[in-house]
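Undergrad: Okay, so here is final-v2.txt, and as you'll see once you scroll down, it has compact mmCIF, C-alpha atoms and all ligand atoms.
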```
# COMPACT_ATOMS: atom_id res chain seq x y z
CA MET A 1 -24.09 -8.12 0.22
CA ALA A 2 -23.54 -9.14 3.81
CA PHE A 3 -24.74 -12.58 2.87
CA GLU A 4 -22.31 -12.80 -0.04
CA ARG A 5 -19.45 -11.78 2.16
CA ALA A 6 -20.42 -14.37 4.75
CA ALA A 7 -20.58 -16.99 2.01
CA LEU A 8 -17.13 -16.00 0.76
CA LYS A 9 -15.74 -16.12 4.27
CA SER A 10 -17.02 -19.62 4.83
CA GLN A 11 -15.10 -20.85 1.78
CA ALA A 12 -12.01 -22.81 2.79
CA PRO A 13 -8.65 -21.20 2.00
CA LYS A 14 -7.02 -22.55 -1.14
CA CYS A 15 -4.15 -24.05 0.83
CA GLN A 16 -3.94 -24.70 4.55
CA VAL A 17 -0.73 -25.74 6.23
CA GLU A 18 -0.99 -26.72 9.86
CA ALA A 19 1.82 -27.50 12.32
CA LEU A 20 3.82 -28.98 9.46
CA THR A 21 7.15 -30.59 10.33
CA LYS A 22 9.74 -32.31 8.16
CA ARG A 23 12.90 -33.73 9.71
CA TYR A 24 16.13 -34.81 8.09
CA GLY A 25 17.91 -36.83 10.76
CA ALA A 26 17.56 -34.98 14.06
CA ARG A 27 17.15 -31.59 12.43
CA ALA A 28 13.80 -30.11 11.40
CA ALA A 29 14.07 -28.48 7.96
CA VAL A 30 10.46 -27.33 8.43
CA ASP A 31 9.46 -26.91 12.04
CA ALA A 32 5.78 -26.72 13.06
CA VAL A 33 4.81 -24.25 10.33
CA THR A 34 1.23 -23.00 10.08
CA PHE A 35 -0.22 -20.70 7.42
CA ASP A 36 -3.14 -20.30 5.01
CA VAL A 37 -3.14 -19.09 1.43
CA ASP A 38 -6.41 -17.57 0.23
CA GLU A 39 -7.88 -17.98 -3.23
CA GLY A 40 -6.09 -15.63 -5.66
CA GLU A 41 -3.44 -14.66 -3.15
CA PHE A 42 0.28 -14.32 -3.93
CA VAL A 43 2.27 -15.47 -0.90
CA VAL A 44 6.06 -15.25 -0.81
CA LEU A 45 8.27 -17.41 1.44
CA LEU A 46 11.34 -15.30 2.16
CA GLY A 47 14.42 -16.31 4.09
CA PRO A 48 18.15 -17.03 3.94
CA SER A 49 19.73 -20.09 2.37
CA GLY A 50 18.92 -23.30 4.24
CA CYS A 51 15.93 -21.95 6.20
CA GLY A 52 13.56 -24.54 4.68
CA LYS A 53 11.84 -22.75 1.79
CA THR A 54 12.34 -25.45 -0.83
CA THR A 55 11.44 -28.15 1.67
CA MET A 56 8.20 -26.29 2.44
CA LEU A 57 7.31 -26.12 -1.28
CA ARG A 58 8.15 -29.78 -1.82
CA LEU A 59 5.81 -30.72 1.02
CA VAL A 60 2.95 -28.69 -0.49
CA ALA A 61 3.68 -30.13 -3.94
CA GLY A 62 3.69 -33.70 -2.67
CA LEU A 63 7.35 -34.28 -3.62
CA ALA A 64 8.16 -34.93 0.04
CA ALA A 65 6.08 -36.33 2.89
CA PRO A 66 5.80 -34.49 6.22
CA ASP A 67 6.57 -36.16 9.55
CA GLU A 68 3.85 -34.26 11.37
CA GLY A 69 1.05 -31.82 10.65
CA ARG A 70 -1.45 -31.43 7.85
CA ILE A 71 -1.86 -29.90 4.40
CA ARG A 72 -5.27 -29.22 2.87
CA LEU A 73 -5.98 -28.07 -0.67
CA ASP A 74 -9.45 -26.64 -1.29
CA GLY A 75 -10.43 -28.02 2.10
CA LYS A 76 -9.37 -31.58 1.24
CA SER A 77 -6.62 -33.26 3.17
CA VAL A 78 -3.63 -34.14 0.93
CA ALA A 79 -1.05 -34.89 3.63
CA ASP A 80 -1.76 -35.97 7.18
CA PRO A 81 0.64 -38.61 8.50
CA ALA A 82 -1.39 -39.10 11.69
CA ARG A 83 -4.27 -40.36 9.51
CA ASP A 84 -2.07 -42.03 6.95
CA VAL A 85 -3.15 -39.60 4.22
CA PHE A 86 -0.72 -38.81 1.41
CA VAL A 87 -1.95 -37.71 -2.01
CA ARG A 88 0.77 -38.09 -4.65
CA ALA A 89 2.17 -35.04 -6.47
CA GLU A 90 0.54 -35.78 -9.83
CA ARG A 91 -2.87 -35.96 -8.16
CA ARG A 92 -2.63 -32.58 -6.43
CA GLY A 93 -3.12 -30.48 -9.60
CA ILE A 94 -0.27 -28.14 -8.71
CA GLY A 95 1.87 -26.28 -11.27
CA MET A 96 5.54 -25.77 -10.47
CA VAL A 97 8.30 -23.52 -11.80
CA PHE A 98 11.85 -24.03 -10.58
CA GLN A 99 15.16 -22.21 -10.81
CA SER A 100 16.51 -24.81 -13.23
CA TYR A 101 14.01 -24.65 -16.03
CA ALA A 102 13.70 -28.42 -16.52
CA ILE A 103 12.92 -27.85 -20.18
CA TRP A 104 13.54 -30.74 -22.57
CA PRO A 105 16.11 -29.52 -25.11
CA HIS A 106 15.22 -32.16 -27.73
CA MET A 107 11.59 -30.97 -27.93
CA ASN A 108 10.30 -27.76 -29.44
CA VAL A 109 8.50 -25.13 -27.39
CA PHE A 110 5.03 -26.44 -28.26
CA GLU A 111 5.88 -30.01 -27.22
CA ASN A 112 7.48 -28.91 -23.98
CA VAL A 113 4.31 -27.07 -23.00
CA ALA A 114 2.04 -29.85 -24.29
CA TYR A 115 3.80 -32.47 -22.19
CA PRO A 116 1.62 -32.27 -19.05
CA LEU A 117 -1.50 -32.57 -21.23
CA ARG A 118 -0.15 -35.61 -23.08
CA VAL A 119 0.61 -37.23 -19.75
CA ARG A 120 -3.02 -36.54 -18.83
CA ARG A 121 -4.07 -38.14 -22.14
CA GLN A 122 -5.98 -35.15 -23.48
CA ARG A 123 -7.15 -35.06 -27.12
CA GLY A 124 -5.09 -33.50 -29.94
CA GLU A 125 -7.31 -30.48 -30.69
CA GLU A 126 -7.76 -29.80 -27.00
CA ILE A 127 -3.98 -29.84 -26.50
CA LYS A 128 -3.45 -27.51 -29.47
CA ARG A 129 -6.03 -25.04 -28.21
CA LYS A 130 -4.70 -24.95 -24.65
CA VAL A 131 -1.01 -24.76 -25.59
CA GLU A 132 -1.61 -21.94 -28.07
CA SER A 133 -3.62 -19.97 -25.57
CA VAL A 134 -1.04 -20.32 -22.81
CA LEU A 135 1.86 -19.50 -25.18
CA ALA A 136 0.02 -16.30 -26.09
CA LEU A 137 -0.37 -15.55 -22.40
CA VAL A 138 3.40 -15.70 -21.79
CA GLY A 139 4.28 -13.98 -25.09
CA LEU A 140 5.79 -16.97 -26.88
CA SER A 141 3.31 -17.55 -29.74
CA ALA A 142 5.96 -16.81 -32.38
CA GLU A 143 8.43 -19.30 -30.86
CA SER A 144 6.07 -22.25 -30.81
CA ARG A 145 8.03 -24.40 -33.31
CA ARG A 146 11.51 -23.42 -32.21
CA SER A 147 13.74 -25.96 -30.57
CA ALA A 148 13.92 -25.40 -26.83
CA ALA A 149 17.71 -25.74 -27.00
CA GLN A 150 17.93 -22.45 -28.93
CA LEU A 151 16.04 -20.32 -26.42
CA SER A 152 17.45 -17.61 -24.17
CA GLY A 153 17.24 -17.97 -20.39
CA GLY A 154 14.25 -15.64 -20.21
CA GLN A 155 12.43 -17.53 -22.94
CA MET A 156 13.12 -20.87 -21.27
CA GLN A 157 11.69 -19.56 -18.03
CA ARG A 158 8.57 -18.49 -19.93
CA VAL A 159 8.26 -22.00 -21.39
CA ALA A 160 8.53 -23.40 -17.87
CA LEU A 161 5.79 -21.02 -16.74
CA ALA A 162 3.56 -21.92 -19.71
CA ARG A 163 4.03 -25.59 -18.92
CA ALA A 164 3.02 -25.02 -15.31
CA LEU A 165 -0.09 -23.07 -16.37
CA VAL A 166 -1.31 -25.26 -19.20
CA PHE A 167 -3.32 -27.78 -17.18
CA ASP A 168 -5.24 -25.14 -15.16
CA PRO A 169 -3.50 -25.86 -11.88
CA THR A 170 -5.31 -25.19 -8.66
CA LEU A 171 -2.14 -23.71 -7.18
CA LEU A 172 1.18 -22.47 -8.61
CA LEU A 173 4.48 -22.97 -6.81
CA PHE A 174 7.65 -21.09 -7.72
CA ASP A 175 11.11 -21.87 -6.37
CA GLU A 176 13.47 -18.95 -7.12
CA PRO A 177 12.42 -19.04 -10.79
CA LEU A 178 14.28 -15.87 -11.78
CA SER A 179 17.55 -16.24 -9.90
CA ASN A 180 19.50 -17.57 -12.91
CA LEU A 181 18.70 -14.51 -15.01
CA ASP A 182 20.55 -11.22 -15.23
CA LEU A 183 19.22 -8.25 -13.25
CA LYS A 184 17.43 -6.42 -16.08
CA LEU A 185 15.64 -9.53 -17.31
CA ARG A 186 14.82 -10.56 -13.78
CA GLU A 187 13.13 -7.23 -13.13
CA ARG A 188 11.16 -7.40 -16.36
CA LEU A 189 10.00 -10.97 -15.85
CA ARG A 190 9.06 -10.14 -12.29
CA LEU A 191 6.69 -7.45 -13.58
CA GLU A 192 5.28 -9.79 -16.22
CA LEU A 193 4.75 -12.50 -13.69
CA LYS A 194 2.87 -10.21 -11.34
CA GLU A 195 0.73 -8.94 -14.19
CA LEU A 196 -0.03 -12.48 -15.34
CA GLN A 197 -0.94 -13.56 -11.83
CA ARG A 198 -3.32 -10.59 -11.53
CA ARG A 199 -5.00 -11.44 -14.81
CA THR A 200 -5.38 -15.15 -14.13
CA GLY A 201 -6.08 -14.75 -10.40
CA LEU A 202 -3.99 -17.87 -9.78
CA THR A 203 -3.16 -18.64 -6.20
CA SER A 204 0.63 -18.71 -5.88
CA ILE A 205 3.36 -19.55 -3.39
CA TYR A 206 6.69 -18.08 -4.41
CA VAL A 207 10.04 -18.82 -2.79
CA THR A 208 12.92 -16.36 -2.83
CA HIS A 209 15.80 -15.07 -0.72
CA ASP A 210 15.67 -11.74 -2.57
CA GLN A 211 13.77 -9.16 -0.50
CA ALA A 212 13.25 -6.78 -3.44
CA GLU A 213 11.52 -9.57 -5.33
CA ALA A 214 9.42 -10.48 -2.30
CA VAL A 215 8.31 -6.90 -1.67
CA GLU A 216 7.31 -6.34 -5.28
CA LEU A 217 5.43 -9.59 -5.82
CA ALA A 218 3.80 -10.45 -2.54
CA ASP A 219 0.36 -9.80 -1.18
CA ARG A 220 1.76 -11.36 1.97
CA ILE A 221 5.30 -12.36 2.95
CA LEU A 222 6.17 -15.21 5.32
CA VAL A 223 9.65 -14.68 6.69
CA MET A 224 11.39 -17.96 7.55
CA GLU A 225 14.33 -18.60 9.85
CA ASN A 226 15.66 -22.05 10.75
CA GLY A 227 12.58 -23.92 9.54
CA ARG A 228 10.12 -21.63 11.29
CA VAL A 229 7.91 -18.80 10.12
CA VAL A 230 9.01 -15.85 12.26
CA GLN A 231 6.70 -13.12 10.91
CA VAL A 232 3.83 -12.84 8.46
CA GLY A 233 2.57 -9.63 6.92
CA ALA A 234 2.06 -7.40 3.92
CA PRO A 235 5.39 -6.07 2.60
CA ARG A 236 4.71 -2.60 4.02
CA GLU A 237 3.88 -4.00 7.44
CA LEU A 238 7.11 -6.01 7.64
CA TYR A 239 9.09 -2.99 6.52
CA HIS A 240 7.62 -0.62 9.09
CA GLN A 241 6.86 -3.02 11.93
CA PRO A 242 9.45 -5.77 12.01
CA GLN A 243 9.09 -7.83 15.17
CA SER A 244 12.70 -8.93 15.34
CA ARG A 245 16.11 -7.71 14.33
CA PHE A 246 16.33 -10.67 11.95
CA VAL A 247 13.24 -9.52 10.02
CA ALA A 248 14.35 -5.88 10.02
CA GLU A 249 17.75 -6.85 8.61
CA PHE A 250 16.26 -9.17 6.05
CA ILE A 251 13.54 -6.92 4.71
CA SER A 252 15.35 -3.58 4.58
CA THR A 253 18.69 -1.79 4.77
CA ALA A 254 17.67 -0.04 8.00
CA ASN A 255 20.09 1.29 10.61
CA ILE A 256 19.73 -1.00 13.61
CA PHE A 257 21.44 -0.52 16.93
CA ALA A 258 21.21 -1.98 20.38
CA GLY A 259 20.10 0.10 23.32
CA GLN A 260 18.27 0.24 26.64
CA VAL A 261 15.03 1.99 27.56
CA LEU A 262 15.71 4.85 30.00
CA ALA A 263 12.10 5.95 30.45
CA ARG A 264 8.72 5.86 28.83
CA LEU A 265 7.59 9.23 27.54
CA ALA A 266 4.11 10.39 26.60
CA ASP A 267 2.24 9.14 23.50
CA ASP A 268 3.98 5.81 22.93
CA PHE A 269 7.46 7.25 22.85
CA ALA A 270 10.40 6.14 24.94
CA SER A 271 13.80 7.55 25.57
CA VAL A 272 16.52 5.07 24.67
CA LYS A 273 20.23 5.11 25.40
CA THR A 274 22.29 3.30 22.80
CA MET A 275 25.31 1.16 23.64
CA THR A 276 27.57 3.96 22.41
CA GLY A 277 25.96 6.43 24.81
CA ARG A 278 23.60 8.38 22.57
CA GLU A 279 20.13 9.23 23.78
CA LEU A 280 17.16 9.47 21.49
CA ALA A 281 13.38 9.42 21.52
CA VAL A 282 11.86 6.43 19.75
CA ARG A 283 8.37 5.16 19.06
CA HIS A 284 7.12 1.87 20.55
CA ASP A 285 3.96 -0.22 20.47
CA GLY A 286 3.12 0.08 24.16
CA THR A 287 4.83 -3.07 25.43
CA VAL A 288 8.22 -1.75 26.55
CA SER A 289 9.28 -0.94 30.08
CA GLU A 290 12.12 0.97 31.63
CA GLY A 291 15.32 -1.08 31.56
CA ASP A 292 14.30 -3.27 28.57
CA LEU A 293 17.06 -4.19 26.15
CA VAL A 294 15.92 -3.19 22.68
CA ASP A 295 16.97 -2.70 19.10
CA VAL A 296 16.24 0.63 17.47
CA VAL A 297 15.36 0.59 13.77
CA ILE A 298 15.69 3.72 11.63
CA HIS A 299 15.24 3.67 7.87
CA PRO A 300 17.88 5.67 5.97
CA GLU A 301 15.28 7.48 3.86
CA ASP A 302 13.48 8.80 6.96
CA CYS A 303 16.38 10.97 8.11
CA ARG A 304 17.72 14.32 6.98
CA ILE A 305 21.18 15.83 6.89
CA SER A 306 22.17 19.44 6.37
CA VAL A 307 25.18 21.70 6.92
CA ASP A 308 23.43 24.76 8.32
CA GLU A 309 21.10 23.68 11.13
CA SER A 310 23.47 23.11 14.03
CA GLY A 311 21.12 24.96 16.37
CA ARG A 312 18.22 22.51 16.02
CA PRO A 313 17.28 20.86 19.31
CA ASP A 314 16.52 17.52 17.60
CA GLY A 315 19.69 17.62 15.52
CA TYR A 316 22.83 15.51 16.12
CA GLN A 317 26.35 16.25 14.99
CA ALA A 318 27.78 13.74 12.51
CA ARG A 319 30.43 13.52 9.81
CA ILE A 320 30.08 12.18 6.27
CA VAL A 321 32.38 9.19 5.84
CA SER A 322 31.35 8.13 2.36
CA ARG A 323 28.88 8.91 -0.33
CA ARG A 324 27.40 6.67 -3.02
CA TYR A 325 25.47 8.09 -5.89
CA GLN A 326 22.58 5.72 -6.76
CA GLY A 327 20.86 7.39 -9.68
CA THR A 328 17.67 8.72 -8.16
CA SER A 329 19.18 9.03 -4.69
CA THR A 330 22.44 9.41 -2.80
CA ARG A 331 23.36 7.16 0.12
CA TYR A 332 25.59 8.75 2.76
CA THR A 333 27.37 6.83 5.47
CA LEU A 334 27.86 9.00 8.54
CA ASP A 335 30.01 8.67 11.59
CA TRP A 336 27.54 9.46 14.36
CA ALA A 337 29.40 9.52 17.69
CA GLY A 338 31.53 6.54 16.72
CA GLU A 339 28.84 4.46 15.05
CA MET A 340 28.13 4.18 11.32
CA PHE A 341 24.73 5.42 10.20
CA ASP A 342 23.25 5.48 6.69
CA VAL A 343 21.06 8.22 5.28
CA VAL A 344 19.47 8.18 1.84
CA VAL A 345 18.65 11.51 0.21
CA LEU A 346 16.22 11.32 -2.69
CA GLY A 347 16.55 13.54 -5.76
CA SER A 348 19.56 15.08 -7.41
CA GLU A 349 20.38 17.94 -5.04
CA ALA A 350 23.98 19.08 -5.04
CA PRO A 351 25.74 16.39 -2.99
CA LEU A 352 27.42 17.08 0.33
CA ALA A 353 31.16 16.42 0.44
CA GLU A 354 32.83 13.47 2.13
CA GLY A 355 34.37 14.63 5.39
CA ALA A 356 31.77 17.39 5.91
CA GLU A 357 30.39 17.99 9.41
CA VAL A 358 26.60 17.84 9.23
CA THR A 359 23.48 18.00 11.36
CA LEU A 360 21.50 14.78 11.33
CA THR A 361 17.81 14.85 12.18
CA VAL A 362 15.93 11.66 13.01
CA PRO A 363 12.16 12.17 13.21
CA ARG A 364 11.23 10.42 16.42
CA GLU A 365 7.95 9.05 15.08
CA ARG A 366 9.94 7.15 12.43
CA ALA A 367 12.44 5.56 14.80
CA ARG A 368 11.04 2.25 16.10
CA ILE A 369 11.80 -0.10 18.93
CA ILE A 370 12.03 -3.87 18.78
CA VAL A 371 12.14 -5.53 22.17
CA ARG A 372 14.88 -8.16 22.16
CA ASN A 373 13.98 -11.82 22.60
CA SER A 374 10.36 -10.81 22.37
CA ALA A 375 8.07 -13.77 22.89
CA ARG A 376 5.54 -12.32 20.48
CA GLY A 377 4.94 -15.02 17.94
CA THR A 378 3.66 -15.47 14.44
CA ARG A 379 0.19 -15.38 13.09
N1 LIG B 1 16.92 -34.39 1.05
C1 LIG B 1 17.52 -33.84 2.11
N2 LIG B 1 18.27 -34.58 2.94
C2 LIG B 1 18.87 -34.05 4.03
N3 LIG B 1 18.80 -32.76 4.37
C3 LIG B 1 18.07 -31.95 3.57
C4 LIG B 1 17.40 -32.45 2.40
N4 LIG B 1 16.76 -31.41 1.81
C5 LIG B 1 17.02 -30.33 2.57
N5 LIG B 1 17.80 -30.64 3.63
C6 LIG B 1 18.25 -29.71 4.69
O1 LIG B 1 17.14 -28.99 5.15
C7 LIG B 1 17.46 -27.62 5.36
C8 LIG B 1 16.54 -26.73 4.54
O2 LIG B 1 16.84 -26.91 3.16
P1 LIG B 1 16.04 -26.17 1.99
O3 LIG B 1 16.54 -26.71 0.71
O4 LIG B 1 14.60 -26.30 2.26
O5 LIG B 1 16.50 -24.66 2.20
P2 LIG B 1 16.19 -23.36 1.31
O6 LIG B 1 15.58 -22.38 2.23
O7 LIG B 1 15.42 -23.74 0.10
O8 LIG B 1 17.64 -22.85 0.93
P3 LIG B 1 18.19 -22.17 -0.45
O9 LIG B 1 17.80 -20.71 -0.37
O10 LIG B 1 19.67 -22.36 -0.36
O11 LIG B 1 17.57 -22.89 -1.61
C9 LIG B 1 18.93 -27.48 5.01
O12 LIG B 1 19.67 -27.55 6.19
C10 LIG B 1 19.21 -28.67 4.13
O13 LIG B 1 20.53 -29.07 4.22
MG MG B 2 15.84 -23.67 -1.97
```
Using structure tokens, write down the structure from this file.
Ligand SMILES: Nc1ncnc2c1ncn2[C@@H]1O[C@H](COP(=O)(O)OP(=O)(O)OP(=O)(O)O)[C@@H](O)[C@H]1O
Ligand SMILES: [Mg+2]
TA:
Amino acid sequence: MAFERAALKSQAPKCQVEALTKRYGARAAVDAVTFDVDEGEFVVLLGPSGCGKTTMLRLVAGLAAPDEGRIRLDGKSVADPARDVFVRAERRGIGMVFQSYAIWPHMNVFENVAYPLRVRRQRGEEIKRKVESVLALVGLSAESRRSAAQLSGGQMQRVALARALVFDPTLLLFDEPLSNLDLKLRERLRLELKELQRRTGLTSIYVTHDQAEAVELADRILVMENGRVVQVGAPRELYHQPQSRFVAEFISTANIFAGQVLARLADDFASVKTMTGRELAVRHDGTVSEGDLVDVVIHPEDCRISVDESGRPDGYQARIVSRRYQGTSTRYTLDWAGEMFDVVVLGSEAPLAEGAEVTLTVPRERARIIVRNSARGTR
């Protein structure tokens, strides 16, 4: 067993990106990015518009050449400008699915999916067998002979997926493949996609600016900002331990406010004074000192509000400014000593009225500190 594990460990990651840089003019669209993707892993690149996600995918795919750094697939170098290595896209064995489906409207579904195999000059029966099997996989067997022009958006995206899968790619790349679809369909296809990836075990890199999509799909999320990877982690880790305000804002709808550390307390807690003069106890990871400027992150679902607990020592007075019913929960916006603060209450309890004076409790072990301008880097 130990031997097997050692053998597995020694296997090269499926995809290795090292100090990769791509410049357009003076500006780096991808700036010294390093990461690995393991066999069977689903990695999501998440970040705002223009942060370099598509550029990153195009570099891995071989549709663009890096200025510096290296890319290896299955341990083999496919891009390394310092050594004059550049393997062309069609020789990298990578499947790609984009936002625009790039489906040929004049061909039927079967022919669209068969296309990559025809390009690779595979035999007729072989093509038929593979296309039928992959159409079954994406639930399109019955549409095989239909013209692609007649398909719905969701069906077209499934054709695009089938076409990317049909030649047994070593790696699958997705660039916002669901963003043209309506919300319901997007959520359903997201589930299907995850299920399909689990079944096939295909290593995938998926680009999105939608955090809900990232959290649901990813084994690991790489958060990008201005061409750089600013934090890497499992969705849960990014949610609970963001290392910067940027990541906290991007990954959640947390309450975030600026403050200063007054004193360190016992057991990894610190007392923080916010810019509006409130004092509260907050958890930290052991690196803060008195006087540090920090951001405090509190998730809305971690707090409680009530109308009858004004005597509680850990309670704060606040007033309900607005209330939004969200089906399985209610989101309240409070005025807490002059600053807006959101609280989400799960379940369908009788709602509290707008304008009501309430007691807000913030469990101190759930309030976290991010040190500003922290030099702590990425993995
Ligand atoms: N071919 C190009 N020529 C010049 N600049 C480019 C080119 N492609 C991308 N850029 C620039 O590189 C930066 C990153 O672009 P990229 O398309 O990778 O962003 P993105 O994260 O995919 O954004 P979006 O979410 O809007 O798709 C942008 O500033 C963009 O203008
Ligand atoms: Mg893009």
Undergrad: Using all atoms listed in the file, find each residue of chain A with at least one atom at most 10 Å away from an atom of ligand MG 2 (chain B); report its shortest atom-to-atom pair and that distance in Å (one decimal), sort the rows by chain and rising residue number, and return the result as a Markdown table.
TA:
```
| residue | atom | partner | partner_atom | distance |
| --- | --- | --- | --- | --- |
| A:Gly47 | CA | B:MG2 | MG | 9.6 |
| A:Pro48 | CA | B:MG2 | MG | 9.2 |
| A:Ser49 | CA | B:MG2 | MG | 6.8 |
| A:Gly50 | CA | B:MG2 | MG | 6.9 |
| A:Cys51 | CA | B:MG2 | MG | 8.3 |
| A:Gly52 | CA | B:MG2 | MG | 7.1 |
| A:Lys53 | CA | B:MG2 | MG | 5.6 |
| A:Thr54 | CA | B:MG2 | MG | 4.1 |
| A:Thr55 | CA | B:MG2 | MG | 7.3 |
| A:Met56 | CA | B:MG2 | MG | 9.2 |
| A:Leu57 | CA | B:MG2 | MG | 8.9 |
| A:Arg58 | CA | B:MG2 | MG | 9.8 |
| A:Phe98 | CA | B:MG2 | MG | 9.5 |
| A:Gln99 | CA | B:MG2 | MG | 9.0 |
| A:Asp175 | CA | B:MG2 | MG | 6.7 |
| A:Glu176 | CA | B:MG2 | MG | 7.4 |
| A:Val207 | CA | B:MG2 | MG | 7.6 |
| A:Thr208 | CA | B:MG2 | MG | 7.9 |
| A:His209 | CA | B:MG2 | MG | 8.7 |
```
Undergrad: Might I get the box with edges along x, y and z of the file that holds all atoms of segment 185-199 of chain A listed there, padded by 4 Å on every side, given as centre and edge lengths in Å to one decimal, as JSON?
TA:
```
{"center_x": 5.3, "center_y": -10.4, "center_z": -14.3, "size_x": 28.6, "size_y": 14.3, "size_z": 14.0}
```
Undergrad: So which residues fall inside 6 Å of (-5.4, -31.1, -18.9) if we count only C-alpha atoms? Mind giving them as a PDB file with C-alpha atoms, in the coordinates of the input?
TA:
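Heads up, here's the output in part09.pdb:
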```pdb
ATOM      1  CA  LEU A 117      -1.500 -32.570 -21.230  1.00  0.00           C
ATOM      2  CA  ARG A 120      -3.020 -36.540 -18.830  1.00  0.00           C
ATOM      3  CA  PHE A 167      -3.320 -27.780 -17.180  1.00  0.00           C
TER       4      PHE A 167
END
```
Undergrad: I need the residue nearest ligand LIG 1 (chain B) from this list: A:Ser133, A:Ser204, A:Asn226, A:Thr276. Use all atoms listed in the file for the distance.
TA: A:Asn226
Undergrad: Suppose you want the space between atom CA of Glu357 of chain A and atom CA of Ile369 of chain A; what is it in Å?
TA: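 These two atoms are separated by 27.6 Å.
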Undergrad: Using 10 Å as the limit and counting all atoms listed in the file, can you tabulate each residue of segment 134-234 of chain A that touches segment 61-64 of chain A, with its shortest atom-to-atom distance in Å and the two atoms involved, as CSV?
TA:
```
residue,atom,partner,partner_atom,distance
A:Leu171,CA,A:Ala61,CA,9.3
A:Leu172,CA,A:Ala61,CA,9.3
A:Leu173,CA,A:Ala61,CA,7.8
```
Undergrad: Contacts of segment 128-130 of chain A at 12 Å or less, counting all atoms listed in the file, minus same-chain residues fewer than 6 places along, as a PyMOL selection string?
TA: chain A and resi 110-111+113-118+122+136-137+144+162-163+165-168
Undergrad: At what distance in Å, to one decimal, does atom CA of Val138 of chain A lie from atom CA of Glu187 of chain A?
TA: 15.5 Å
Undergrad: For ligand LIG 1 (chain B), which residue among A:Gly227, A:Pro300, A:Gly69, A:Pro13 is the nearest when counting only C-alpha atoms and all ligand atoms?
TA: A:Gly227
